[in-house]
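This is model.txt (compact mmCIF, C-alpha atoms and all ligand atoms).
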# COMPACT_ATOMS: atom_id res chain seq x y z
CA MET A 274 171.13 -8.72 -114.61
CA SER A 275 173.92 -9.04 -117.17
CA ILE A 276 174.43 -5.26 -117.61
CA LEU A 277 174.68 -4.80 -113.88
CA GLN A 278 177.10 -7.69 -113.66
CA THR A 279 179.43 -5.85 -116.05
CA GLU A 280 178.91 -2.35 -114.66
CA ASP A 281 178.93 -3.11 -110.95
CA PRO A 282 180.00 -6.66 -110.13
CA GLU A 283 180.08 -5.96 -106.39
CA ILE A 284 176.39 -5.02 -106.16
CA SER A 285 175.42 -7.65 -108.71
CA LYS A 286 177.09 -10.32 -106.62
CA LEU A 287 175.28 -9.19 -103.49
CA ILE A 288 171.91 -9.17 -105.26
CA ASN A 289 172.53 -12.69 -106.50
CA ALA A 290 173.56 -13.82 -103.04
CA GLU A 291 170.33 -12.38 -101.62
CA LEU A 292 168.34 -14.10 -104.38
CA ALA A 293 169.91 -17.41 -103.41
CA ARG A 294 169.13 -16.76 -99.74
CA GLN A 295 165.49 -16.10 -100.59
CA GLN A 296 165.33 -19.21 -102.78
CA ASP A 297 167.05 -21.59 -100.39
CA GLY A 298 165.39 -20.64 -97.11
CA LEU A 299 161.94 -20.56 -95.56
CA GLU A 300 160.91 -16.90 -95.43
CA MET A 301 158.54 -16.67 -92.50
CA ILE A 302 158.61 -13.02 -91.46
CA PRO A 303 154.90 -12.19 -91.67
CA SER A 304 155.43 -8.73 -93.19
CA GLU A 305 157.45 -10.10 -96.11
CA ASN A 306 156.46 -11.58 -99.43
CA PHE A 307 157.70 -12.24 -102.99
CA THR A 308 156.46 -9.85 -105.68
CA SER A 309 155.90 -11.04 -109.23
CA ARG A 310 158.44 -10.48 -111.97
CA ALA A 311 155.94 -8.09 -113.61
CA VAL A 312 155.93 -5.94 -110.46
CA MET A 313 159.72 -5.93 -110.39
CA GLU A 314 159.90 -5.03 -114.06
CA ALA A 315 157.70 -1.97 -113.49
CA MET A 316 159.79 -1.13 -110.42
CA GLY A 317 162.99 -1.25 -112.46
CA SER A 318 161.59 0.86 -115.30
CA VAL A 319 162.38 4.27 -116.81
CA LEU A 320 159.58 5.80 -114.74
CA THR A 321 162.22 6.31 -112.07
CA ASN A 322 163.64 9.11 -114.26
CA LYS A 323 160.63 11.42 -114.08
CA TYR A 324 159.76 14.24 -111.70
CA SER A 325 156.03 14.86 -111.23
CA GLU A 326 155.36 16.82 -108.04
CA GLY A 327 151.63 17.29 -107.72
CA TYR A 328 148.72 15.13 -108.78
CA PRO A 329 147.37 14.03 -112.18
CA GLY A 330 146.27 17.08 -114.13
CA ALA A 331 147.97 19.44 -111.67
CA ARG A 332 151.74 18.97 -111.79
CA TYR A 333 154.60 21.35 -111.15
CA TYR A 334 156.64 19.78 -113.97
CA GLY A 335 156.04 19.31 -117.69
CA GLY A 336 156.14 16.04 -119.57
CA ASN A 337 153.75 14.16 -117.32
CA LYS A 338 151.28 12.93 -119.92
CA PHE A 339 152.06 9.27 -119.34
CA ILE A 340 152.81 9.61 -115.65
CA ASP A 341 149.32 11.08 -115.18
CA GLU A 342 147.87 8.04 -116.90
CA VAL A 343 149.91 5.71 -114.70
CA GLU A 344 148.82 7.41 -111.50
CA ASN A 345 145.15 7.65 -112.56
CA LEU A 346 145.12 3.98 -113.46
CA THR A 347 146.69 3.09 -110.11
CA ARG A 348 144.20 5.22 -108.19
CA ASP A 349 141.26 3.72 -110.12
CA ARG A 350 142.45 0.19 -109.46
CA ALA A 351 142.88 0.92 -105.76
CA LYS A 352 139.41 2.48 -105.51
CA GLN A 353 137.84 -0.43 -107.35
CA LEU A 354 139.65 -3.13 -105.38
CA PHE A 355 138.97 -1.72 -101.91
CA GLY A 356 135.62 -0.08 -102.72
CA VAL A 357 136.64 3.43 -101.67
CA ALA A 358 135.90 6.92 -102.97
CA HIS A 359 139.45 8.23 -103.08
CA ALA A 360 142.97 6.81 -103.07
CA ASN A 361 146.33 8.49 -102.62
CA VAL A 362 148.98 6.16 -104.04
CA GLN A 363 152.02 8.41 -103.53
CA PRO A 364 153.24 7.60 -99.99
CA TYR A 365 156.83 6.33 -100.13
CA SER A 366 156.06 3.70 -97.50
CA GLY A 367 153.76 2.91 -94.58
CA SER A 368 155.43 5.12 -91.98
CA PRO A 369 155.33 8.32 -94.08
CA ALA A 370 151.73 7.46 -95.02
CA ASN A 371 150.81 7.37 -91.34
CA LEU A 372 152.69 10.60 -90.74
CA ALA A 373 150.65 12.21 -93.51
CA ILE A 374 147.43 11.01 -91.88
CA TYR A 375 148.48 12.60 -88.56
CA PHE A 376 149.28 15.83 -90.44
CA ALA A 377 145.92 15.71 -92.20
CA LEU A 378 143.71 15.07 -89.20
CA LEU A 379 145.56 16.49 -86.20
CA ASP A 380 147.48 19.49 -84.96
CA PRO A 381 150.76 18.91 -83.09
CA GLY A 382 150.04 18.07 -79.47
CA ASP A 383 146.61 16.57 -80.18
CA THR A 384 145.80 13.29 -78.47
CA VAL A 385 145.94 10.06 -80.44
CA LEU A 386 145.03 6.61 -79.11
CA GLY A 387 146.89 3.69 -80.69
CA MET A 388 147.88 0.13 -79.90
CA ASP A 389 150.91 -0.26 -77.65
CA LEU A 390 154.05 -1.22 -79.61
CA ALA A 391 154.91 -3.71 -76.86
CA GLN A 392 151.58 -5.48 -77.40
CA GLY A 393 151.42 -5.64 -81.18
CA GLY A 394 151.03 -2.03 -82.37
CA HIS A 395 153.30 -0.22 -84.83
CA LEU A 396 155.97 2.40 -84.08
CA THR A 397 153.85 5.00 -85.86
CA HIS A 398 150.85 4.37 -83.60
CA GLY A 399 152.27 6.44 -80.75
CA TYR A 400 155.62 5.03 -79.70
CA LYS A 401 157.45 7.59 -77.60
CA PHE A 402 160.61 7.72 -79.76
CA ASN A 403 158.64 7.89 -83.03
CA PHE A 404 157.23 11.13 -84.55
CA SER A 405 153.82 9.91 -83.43
CA GLY A 406 154.82 9.99 -79.79
CA LYS A 407 157.11 13.02 -80.01
CA PHE A 408 154.89 15.52 -81.81
CA PHE A 409 151.53 14.25 -80.60
CA HIS A 410 150.14 13.31 -77.23
CA ALA A 411 150.04 9.54 -77.62
CA GLU A 412 148.01 7.24 -75.42
CA ASN A 413 148.02 3.45 -75.74
CA TYR A 414 145.64 0.58 -75.52
CA GLY A 415 146.66 -3.05 -75.34
CA VAL A 416 145.36 -6.57 -75.07
CA ASP A 417 143.81 -8.35 -72.12
CA GLN A 418 146.36 -9.69 -69.64
CA LYS A 419 144.81 -13.18 -69.59
CA THR A 420 143.36 -13.78 -73.07
CA HIS A 421 145.82 -11.55 -74.99
CA LEU A 422 142.84 -10.45 -77.10
CA LEU A 423 141.83 -6.85 -77.76
CA ASP A 424 139.54 -5.85 -74.90
CA TYR A 425 137.06 -3.43 -76.47
CA ASP A 426 135.51 -2.48 -73.13
CA ALA A 427 138.92 -1.47 -71.81
CA ILE A 428 139.63 0.44 -75.04
CA ARG A 429 136.32 2.28 -74.67
CA GLU A 430 137.14 3.23 -71.06
CA LYS A 431 140.58 4.43 -72.11
CA ALA A 432 139.10 6.47 -74.98
CA LYS A 433 136.57 8.08 -72.64
CA ALA A 434 139.34 8.94 -70.19
CA VAL A 435 141.86 10.44 -72.65
CA LYS A 436 139.44 11.86 -75.28
CA PRO A 437 141.57 11.28 -78.38
CA LYS A 438 141.01 13.28 -81.56
CA MET A 439 142.04 10.19 -83.50
CA ILE A 440 141.97 6.46 -82.76
CA ILE A 441 144.26 4.25 -84.80
CA CYS A 442 143.55 0.55 -85.03
CA GLY A 443 145.63 -2.11 -86.74
CA ALA A 444 148.62 -4.15 -85.65
CA THR A 445 151.89 -5.78 -86.59
CA ALA A 446 151.74 -8.71 -84.21
CA TYR A 447 148.14 -9.58 -83.47
CA PRO A 448 147.09 -13.09 -84.58
CA ARG A 449 143.33 -12.54 -84.42
CA ILE A 450 140.55 -10.65 -86.24
CA ILE A 451 140.22 -6.93 -85.52
CA ASP A 452 136.63 -5.74 -85.01
CA PHE A 453 136.49 -2.44 -86.91
CA GLN A 454 132.80 -1.98 -86.16
CA LYS A 455 133.53 -1.94 -82.42
CA PHE A 456 136.33 0.56 -82.96
CA ARG A 457 133.88 2.75 -84.94
CA ALA A 458 131.39 2.69 -82.06
CA ILE A 459 134.12 3.73 -79.62
CA ALA A 460 135.32 6.51 -81.94
CA ASP A 461 131.76 7.79 -82.31
CA GLU A 462 131.25 7.75 -78.55
CA VAL A 463 134.21 10.05 -78.00
CA GLY A 464 133.98 12.05 -81.26
CA ALA A 465 137.29 10.81 -82.66
CA TYR A 466 138.44 10.06 -86.17
CA LEU A 467 139.00 6.36 -86.78
CA VAL A 468 142.06 5.37 -88.80
CA ALA A 469 142.46 1.70 -89.78
CA ASP A 470 146.01 0.64 -90.58
CA ILE A 471 145.62 -2.64 -92.48
CA SER A 472 149.24 -2.88 -93.64
CA HIS A 473 149.61 -6.50 -92.58
CA ILE A 474 146.19 -7.76 -93.57
CA SER A 475 145.16 -5.89 -96.73
CA GLY A 476 145.71 -8.99 -98.89
CA LEU A 477 143.48 -10.96 -96.53
CA VAL A 478 140.83 -8.24 -96.72
CA ILE A 479 140.83 -8.51 -100.53
CA ALA A 480 140.57 -12.30 -100.26
CA GLY A 481 137.61 -12.00 -97.87
CA GLU A 482 139.60 -13.60 -95.03
CA HIS A 483 139.48 -10.53 -92.79
CA PRO A 484 136.60 -8.04 -92.50
CA SER A 485 137.19 -4.77 -94.35
CA PRO A 486 137.40 -1.52 -92.37
CA VAL A 487 136.03 0.43 -95.32
CA HIS A 488 132.53 0.76 -93.88
CA TYR A 489 133.80 1.95 -90.54
CA ALA A 490 137.03 3.91 -90.73
CA ASP A 491 137.38 7.55 -91.79
CA VAL A 492 140.80 6.80 -93.26
CA VAL A 493 142.41 3.48 -94.22
CA MET A 494 146.12 3.01 -94.74
CA THR A 495 147.89 0.00 -96.15
CA THR A 496 151.41 -0.77 -97.16
CA THR A 497 151.59 -2.46 -100.55
CA HIS A 498 154.42 -4.93 -99.88
CA LYS A 499 153.03 -7.26 -97.20
CA THR A 500 150.11 -9.63 -97.85
CA LEU A 501 149.11 -7.39 -100.78
CA ARG A 502 152.31 -8.65 -102.47
CA GLY A 503 153.28 -5.50 -104.35
CA PRO A 504 156.41 -3.34 -104.31
CA ARG A 505 157.40 -1.47 -101.14
CA GLY A 506 155.01 1.45 -100.83
CA ALA A 507 151.71 2.49 -99.30
CA MET A 508 148.28 3.86 -100.09
CA ILE A 509 145.88 6.05 -98.16
CA LEU A 510 142.28 5.15 -98.89
CA LEU A 511 139.27 7.31 -98.19
CA PRO A 512 136.09 5.25 -97.86
CA LYS A 513 132.86 6.35 -99.44
CA VAL A 514 131.77 9.69 -98.06
CA ALA A 515 129.14 9.14 -95.39
CA ASP A 516 126.99 11.54 -93.41
CA ARG A 517 128.44 10.58 -90.09
CA TYR A 518 131.69 12.47 -90.70
CA HIS A 519 131.43 15.13 -88.08
CA ASP A 520 133.72 17.59 -89.77
CA GLN A 521 134.07 16.31 -93.24
CA TYR A 522 135.11 19.79 -94.26
CA HIS A 523 137.92 21.26 -92.23
CA PRO A 524 136.74 24.50 -90.62
CA LYS A 525 139.92 26.38 -91.57
CA THR A 526 140.92 24.97 -94.94
CA LYS A 527 137.44 23.99 -96.20
CA ARG A 528 139.01 20.81 -97.49
CA ASP A 529 137.34 17.42 -97.18
CA LEU A 530 139.25 14.44 -95.80
CA ALA A 531 140.54 13.45 -99.23
CA GLY A 532 141.79 16.98 -99.83
CA LEU A 533 143.41 17.08 -96.40
CA VAL A 534 145.21 13.78 -97.01
CA ASP A 535 146.41 14.78 -100.50
CA ALA A 536 147.68 18.11 -99.17
CA ALA A 537 149.40 16.35 -96.27
CA ILE A 538 151.34 14.11 -98.67
CA MET A 539 152.20 16.95 -101.08
CA PRO A 540 153.22 19.68 -100.22
CA GLY A 541 152.99 18.65 -96.54
CA LEU A 542 155.48 15.84 -96.45
CA GLN A 543 156.82 14.62 -99.77
CA GLY A 544 158.15 16.05 -103.01
CA GLY A 545 158.07 14.08 -106.24
CA PRO A 546 156.28 10.76 -106.16
CA HIS A 547 158.18 7.57 -107.05
CA ASN A 548 156.52 6.88 -110.37
CA HIS A 549 158.20 3.51 -110.90
CA GLN A 550 156.78 2.50 -107.51
CA THR A 551 153.32 3.79 -108.47
CA ALA A 552 153.36 1.74 -111.68
CA ALA A 553 154.49 -1.34 -109.77
CA ILE A 554 151.63 -0.82 -107.29
CA ALA A 555 149.25 -0.69 -110.27
CA VAL A 556 150.57 -4.05 -111.47
CA ALA A 557 150.15 -5.56 -108.01
CA LEU A 558 146.60 -4.20 -107.76
CA LYS A 559 145.73 -5.79 -111.10
CA GLU A 560 147.08 -9.10 -109.81
CA ALA A 561 145.16 -8.68 -106.55
CA ALA A 562 141.88 -8.35 -108.48
CA THR A 563 142.17 -11.89 -109.89
CA PRO A 564 140.51 -15.07 -108.58
CA GLU A 565 144.03 -16.52 -108.13
CA PHE A 566 144.81 -13.82 -105.58
CA LYS A 567 141.71 -14.72 -103.55
CA THR A 568 142.82 -18.35 -103.57
CA TYR A 569 146.28 -17.26 -102.39
CA GLY A 570 144.78 -15.12 -99.60
CA LYS A 571 142.61 -17.97 -98.39
CA GLN A 572 145.57 -20.36 -98.52
CA ILE A 573 147.64 -17.99 -96.35
CA VAL A 574 145.11 -18.41 -93.55
CA LYS A 575 144.71 -22.16 -94.07
CA ASN A 576 148.49 -22.50 -93.91
CA ALA A 577 148.78 -20.37 -90.77
CA LYS A 578 146.07 -22.38 -89.03
CA LYS A 579 147.71 -25.68 -89.98
CA LEU A 580 151.09 -24.42 -88.82
CA ALA A 581 149.59 -23.26 -85.51
CA GLU A 582 147.82 -26.59 -85.04
CA THR A 583 151.08 -28.46 -85.71
CA LEU A 584 153.08 -26.31 -83.29
CA VAL A 585 150.46 -26.65 -80.55
CA ALA A 586 150.42 -30.44 -81.05
CA GLU A 587 154.20 -30.33 -80.53
CA GLY A 588 153.62 -28.64 -77.18
CA ILE A 589 154.67 -25.12 -78.26
CA THR A 590 153.01 -22.13 -76.57
CA LEU A 591 151.23 -19.74 -78.95
CA ILE A 592 149.84 -16.38 -77.89
CA THR A 593 146.00 -16.68 -77.93
CA GLY A 594 146.50 -20.40 -78.66
CA GLY A 595 146.50 -20.04 -82.44
CA THR A 596 145.66 -17.66 -85.27
CA ASP A 597 142.84 -16.30 -87.44
CA ASN A 598 145.11 -14.55 -89.91
CA HIS A 599 148.55 -14.89 -91.47
CA LEU A 600 150.73 -14.73 -88.37
CA ILE A 601 151.64 -16.58 -85.23
CA LEU A 602 153.18 -15.18 -82.08
CA MET A 603 155.12 -17.83 -80.20
CA ASP A 604 156.25 -17.70 -76.58
CA VAL A 605 159.61 -19.52 -76.53
CA SER A 606 160.29 -18.99 -72.81
CA PRO A 607 158.77 -22.36 -71.79
CA LEU A 608 161.45 -23.96 -74.03
CA GLY A 609 164.17 -22.25 -72.03
CA LEU A 610 165.02 -19.95 -74.96
CA THR A 611 164.86 -16.22 -75.56
CA GLY A 612 163.35 -14.80 -78.73
CA SER A 613 166.71 -13.79 -80.00
CA GLN A 614 168.18 -17.26 -79.39
CA ALA A 615 165.22 -18.81 -81.22
CA GLU A 616 165.67 -16.42 -84.14
CA THR A 617 169.38 -17.24 -84.44
CA LEU A 618 168.76 -20.95 -84.09
CA LEU A 619 166.14 -21.01 -86.84
CA ASP A 620 168.38 -18.80 -88.99
CA SER A 621 171.06 -21.48 -88.71
CA VAL A 622 168.73 -23.93 -90.47
CA ASP A 623 167.62 -21.33 -93.08
CA ILE A 624 164.27 -20.53 -91.50
CA THR A 625 163.83 -16.76 -91.21
CA VAL A 626 161.59 -15.41 -88.42
CA ASN A 627 161.85 -12.39 -86.16
CA LYS A 628 162.17 -12.07 -82.42
CA ASN A 629 159.19 -10.24 -80.99
CA LEU A 630 157.80 -9.00 -77.71
CA ILE A 631 154.82 -10.97 -76.43
CA PRO A 632 152.04 -9.19 -74.50
CA TYR A 633 153.17 -8.25 -70.97
CA ASP A 634 156.66 -9.46 -71.83
CA PRO A 635 159.01 -9.32 -68.82
CA ARG A 636 162.01 -9.16 -71.22
CA LYS A 637 163.42 -6.33 -73.36
CA PRO A 638 162.69 -5.62 -77.08
CA MET A 639 166.22 -6.57 -78.21
CA ASP A 640 165.89 -9.96 -76.54
CA PRO A 641 162.20 -10.60 -75.93
CA SER A 642 160.34 -13.81 -75.01
CA GLY A 643 158.81 -14.51 -78.37
CA ILE A 644 159.16 -14.92 -82.08
CA ARG A 645 156.73 -13.86 -84.81
CA LEU A 646 156.24 -15.98 -87.87
CA GLY A 647 153.82 -16.05 -90.78
CA THR A 648 152.80 -17.76 -93.97
CA PRO A 649 152.38 -15.12 -96.76
CA ALA A 650 155.75 -15.63 -98.46
CA LEU A 651 155.64 -19.42 -98.26
CA THR A 652 152.08 -19.37 -99.62
CA THR A 653 153.26 -17.32 -102.59
CA ARG A 654 155.79 -20.10 -103.25
CA GLY A 655 152.93 -22.59 -103.38
CA PHE A 656 153.20 -24.16 -99.92
CA THR A 657 150.00 -25.88 -98.76
CA GLU A 658 148.82 -27.49 -95.52
CA ASP A 659 150.91 -30.66 -95.89
CA ASP A 660 154.03 -28.55 -96.26
CA MET A 661 153.07 -26.55 -93.18
CA VAL A 662 152.97 -29.74 -91.12
CA ALA A 663 156.56 -30.40 -92.18
CA VAL A 664 157.55 -26.79 -91.48
CA GLY A 665 155.91 -26.85 -88.04
CA LYS A 666 157.54 -30.14 -87.05
CA THR A 667 160.92 -28.89 -88.21
CA ILE A 668 160.60 -25.65 -86.23
CA ALA A 669 159.48 -27.52 -83.12
CA ALA A 670 162.33 -30.04 -83.40
CA VAL A 671 164.95 -27.30 -83.70
CA LEU A 672 163.60 -25.24 -80.82
CA LYS A 673 163.39 -28.29 -78.57
CA ALA A 674 166.93 -29.50 -79.28
CA PRO A 675 169.04 -26.39 -79.85
CA ASP A 676 172.35 -28.17 -79.20
CA ASN A 677 171.67 -31.33 -81.15
CA GLU A 678 173.69 -31.23 -84.39
CA THR A 679 171.84 -34.23 -85.81
CA VAL A 680 168.48 -32.50 -85.33
CA LEU A 681 169.85 -29.35 -86.94
CA SER A 682 171.19 -31.14 -89.99
CA VAL A 683 167.94 -33.09 -90.41
CA ALA A 684 166.15 -29.72 -90.25
CA ARG A 685 168.44 -28.26 -92.93
CA MET A 686 167.64 -31.21 -95.18
CA ALA A 687 163.90 -30.76 -94.57
CA VAL A 688 164.19 -27.09 -95.56
CA GLU A 689 166.09 -28.02 -98.70
CA LYS A 690 163.44 -30.55 -99.66
CA LEU A 691 160.64 -28.01 -99.17
CA THR A 692 162.35 -25.21 -101.07
CA ASP A 693 163.29 -27.57 -103.92
CA ALA A 694 159.66 -28.64 -104.18
CA HIS A 695 158.49 -25.02 -104.46
CA PRO A 696 160.96 -23.13 -106.62
CA LEU A 697 161.08 -19.33 -106.48
CA TYR A 698 161.83 -17.16 -109.55
CA SER A 699 163.22 -20.20 -111.32
C1 LIG B 1 154.63 -2.31 -91.80
C2 LIG B 1 153.68 -1.41 -91.09
C3 LIG B 1 153.80 -0.01 -91.19
C4 LIG B 1 154.97 0.71 -91.79
O1 LIG B 1 155.40 0.37 -92.99
P1 LIG B 1 156.87 0.74 -93.54
O2 LIG B 1 156.64 0.61 -94.99
O3 LIG B 1 157.78 -0.25 -92.94
O4 LIG B 1 157.17 2.14 -93.13
C5 LIG B 1 152.83 0.75 -90.56
N1 LIG B 1 151.82 0.19 -89.88
C6 LIG B 1 151.71 -1.14 -89.75
C7 LIG B 1 150.58 -1.70 -88.95
C8 LIG B 1 152.63 -1.98 -90.33
O5 LIG B 1 152.53 -3.30 -90.17

Mind converting the file's structure to structure tokens?
Ligand SMILES: *Cc1c(COP(=O)(O)O)cnc(C)c1O
Amino acid sequence: MSILQTEDPEISKLINAELARQQDGLEMIPSENFTSRAVMEAMGSVLTNKYSEGYPGARYYGGNKFIDEVENLTRDRAKQLFGVAHANVQPYSGSPANLAIYFALLDPGDTVLGMDLAQGGHLTHGYKFNFSGKFFHAENYGVDQKTHLLDYDAIREKAKAVKPKMIICGATAYPRIIDFQKFRAIADEVGAYLVADISHISGLVIAGEHPSPVHYADVVMTTTHKTLRGPRGAMILLPKVADRYHDQYHPKTKRDLAGLVDAAIMPGLQGGPHNHQTAAIAVALKEAATPEFKTYGKQIVKNAKKLAETLVAEGITLITGGTDNHLILMDVSPLGLTGSQAETLLDSVDITVNKNLIPYDPRKPMDPSGIRLGTPALTTRGFTEDDMVAVGKTIAAVLKAPDNETVLSVARMAVEKLTDAHPLYS
């Protein structure tokens, strides 16, 4: 960073301050992670200088010999890793990737059925102030009022009632396994496309810790920067072509799903791809194909389970009582706190989490009843189950004694000990 330090000391200073924040705190936002230096090197490379609208072998700009090779390599690695027939690696991020999928499969005004944002879904799954709710007729499904688990019978009834052209499954705040096979059966019953958004869990899918949607979904989308541990970005994956696709070839355009998705990204939505980002995704995919990555993915879940167990033993209320994946949704209302108070409190001892709605939350999104926390970033730092016991006890102590300065300073020391034991980018 020495050139930057000379050229732009203000930004350099801020980057270094953020580095120190990441090093000295416990990063527990479940959608965050730490990429490798190799990924960051590709991200900061000269590939950012090149325009390459189009796809390998069919560009609107000259000079793309090496860019074509980069994108082909990235696509091949994605196809290999996820076992799919086609991969589009150009989406700038998860939200534009989902927008492209809507463009590819639907016409404006068509009905889409997605998980309610207030119950764990994503903005792009039909929230009324998002494109998905503004340009499409969005209907929602949620979780059961008692168990807080996906209720597939209720989802089936809803699908039969609203007849969606597309069902989107996947979540941002659901601590349990998603049954893609059941979603497929529902989609088949109502003649809908099934889109699986595995942004949060794609790293767990690769590690074999969460079932893959590849055998069931028509289209799979994942961001590349969450459990997959790559740069910010996204990929749209088209599973192996199977006979069941009712209109594999679009009646008007005569394109198959892969062609529809590619056309929706470019020229439908984006211009030139971010080639530095594509190369960095390739690096992350290479890393994700190693045995070490599988070990990391398995450890994420072990860590989350141990953390959940510790919190429950401390008397903390968890939605669904625990977790099967990388995240935990905690109801802090029994502690007399709001989600936003809990977030601020944990922030004050260098533990970063985010306030989050819980299912059927009586409170508002800006100050909900819960917090969401996860283990991917800590697992990347090398935290194991013993560390998670310490993390869980520290979190519980802070939330139970928000005004106790002694408790808070003991917590700060515990965080320092843990982060010192697991250095980041040192
Ligand atoms: C994070 C996420 C997205 C959006 O990703 P961005 O890169 O933030 O646009 C979409 N869907 C799900 C389920 C996500 O978790």

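Our summary of the geometry notes that atom CA of A:His498 is positioned 27.4 Å from atom CA of A:Lys455.
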
Return as a list in words the residues of protein, DNA or RNA that approach ligand LIG 1 (chain B) to within 7 Å, with only C-alpha atoms and all ligand atoms taken into account.
Ser304, Ser366, Gly367, Ser368, Pro369, Asn371, Gly394, His395, Thr397, Gly443, Ala444, Thr445, Asp470, Ile471, Ser472, His473, Thr496, Arg505, Gly506 and Ala507 of chain A

By how many Å are atom CA of A:Ala586 and atom CA of A:Ile644 apart?
17.8 Å

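Atom to atom, atom CA of A:Val493 and atom CA of A:Lys407 stand 22.6 Å apart.
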
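In terms of minimum interatomic distance to A:Gly665, A:Leu299 ranks closest within A:Ala555, A:Val312, A:Leu299, A:Ala561, counting all atoms listed in the file.
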
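With all atoms listed in the file as the atoms that count, the minimum distance from A:Ala562 to the choices A:Met313, A:Leu354, A:Ala331, A:Leu530 is reached by A:Leu354.
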
Write out as a Markdown table a residue-level contact list of stretch 631-651 of chain A versus stretch 569-581 of chain A with cut-off 7 Å: for each qualifying residue the closest pair of atoms and the distance in Å to one decimal, counting only C-alpha atoms, rows sorted by chain and residue number upward.
| residue | atom | partner | partner_atom | distance |
| --- | --- | --- | --- | --- |
| A:Gly647 | CA | A:Ala577 | CA | 6.6 |
| A:Thr648 | CA | A:Ile573 | CA | 5.7 |
| A:Pro649 | CA | A:Ile573 | CA | 5.6 |

Skip A:Ser318 itself and residues of its chain fewer than 5 positions away, then list as a PyMOL selection string all residues within 10 Å of it, counting all atoms listed in the file.
chain A and resi 313+548-550+552-553

Create the file for the chosen residues now, containing C-alpha atoms and written as a PDB file, in the coordinates of the input.
ATOM      1  CA  MET A 313     159.720  -5.930-110.390  1.00  0.00           C
ATOM      2  CA  ASN A 548     156.520   6.880-110.370  1.00  0.00           C
ATOM      3  CA  HIS A 549     158.200   3.510-110.900  1.00  0.00           C
ATOM      4  CA  GLN A 550     156.780   2.500-107.510  1.00  0.00           C
ATOM      5  CA  ALA A 552     153.360   1.740-111.680  1.00  0.00           C
ATOM      6  CA  ALA A 553     154.490  -1.340-109.770  1.00  0.00           C
TER       7      ALA A 553
END

Could you name the residues that touch A:Gly643 at 8 Å or less, counting only C-alpha atoms, but leaving out those on the same chain fewer than 6 positions away, as a short mmCIF file (atom, residue, chain, number, x, y, z; two decimals) with C-alpha atoms, in the frame of the given file?
data_model
loop_
_atom_site.label_atom_id
_atom_site.label_comp_id
_atom_site.auth_asym_id
_atom_site.auth_seq_id
_atom_site.Cartn_x
_atom_site.Cartn_y
_atom_site.Cartn_z
CA LEU A 602 153.18 -15.18 -82.08
CA MET A 603 155.12 -17.83 -80.20
CA ASP A 604 156.25 -17.70 -76.58
CA VAL A 605 159.61 -19.52 -76.53
CA SER A 606 160.29 -18.99 -72.81
CA THR A 611 164.86 -16.22 -75.56
CA GLY A 612 163.35 -14.80 -78.73
CA LYS A 628 162.17 -12.07 -82.42
CA ASN A 629 159.19 -10.24 -80.99
CA LEU A 630 157.80 -9.00 -77.71
CA ILE A 631 154.82 -10.97 -76.43
#

Under the rule of at most 12 Å, produce a per-residue listing of stretch 401-489 of chain A near stretch 346-352 of chain A: chain, number, name, the closest pair of atoms, and the distance in Å, as CSV, using only C-alpha atoms.
residue,atom,partner,partner_atom,distance
A:Ser475,CA,A:Ala351,CA,11.5
A:Ile479,CA,A:Ala351,CA,11.0
A:Val487,CA,A:Lys352,CA,10.9

Write the residues of the selection above to a file with C-alpha atoms, as a short mmCIF file (atom, residue, chain, number, x, y, z; two decimals), in the frame of the given file.
data_model
loop_
_atom_site.label_atom_id
_atom_site.label_comp_id
_atom_site.auth_asym_id
_atom_site.auth_seq_id
_atom_site.Cartn_x
_atom_site.Cartn_y
_atom_site.Cartn_z
CA SER A 475 145.16 -5.89 -96.73
CA ILE A 479 140.83 -8.51 -100.53
CA VAL A 487 136.03 0.43 -95.32
#

Which residue of A:His483, A:His410, A:Ala684, A:Met388 approaches A:Phe456 most closely, using all atoms listed in the file:
A:Met388

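Of the residues under consideration (A:Leu584, A:Leu511, A:Val492, A:Ala411), A:Val492 shows the shortest atom-to-atom contact distance to A:Val468 when counting all atoms listed in the file.
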
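Among the candidates A:Ser485, A:Gln392, A:Thr551, A:Asn361, the one nearest to A:Pro641 when counting all atoms listed in the file is A:Gln392.
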
Tell me which protein, DNA and RNA residues are within 9 Å of A:Thr384, counting all atoms listed in the file, leaving out same-chain ones fewer than 3 positions away, and put them as a PyMOL selection string.
chain A and resi 379+381+409-412+435-440

Taking all atoms listed in the file into account, which of A:Ala687, A:Ala650, A:Leu467, A:Ile459 comes nearest A:Lys431?
A:Ile459

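Within 10 Å of A:Ser309, once only C-alpha atoms are used and residues closer than 3 positions along the same chain are dropped, the contacting residues are Asn306, Val312, Met313, Glu314, Arg502, Gly503, Pro504, Ala553, Val556, Ala557, Glu560, Thr653 and Tyr698 of chain A.
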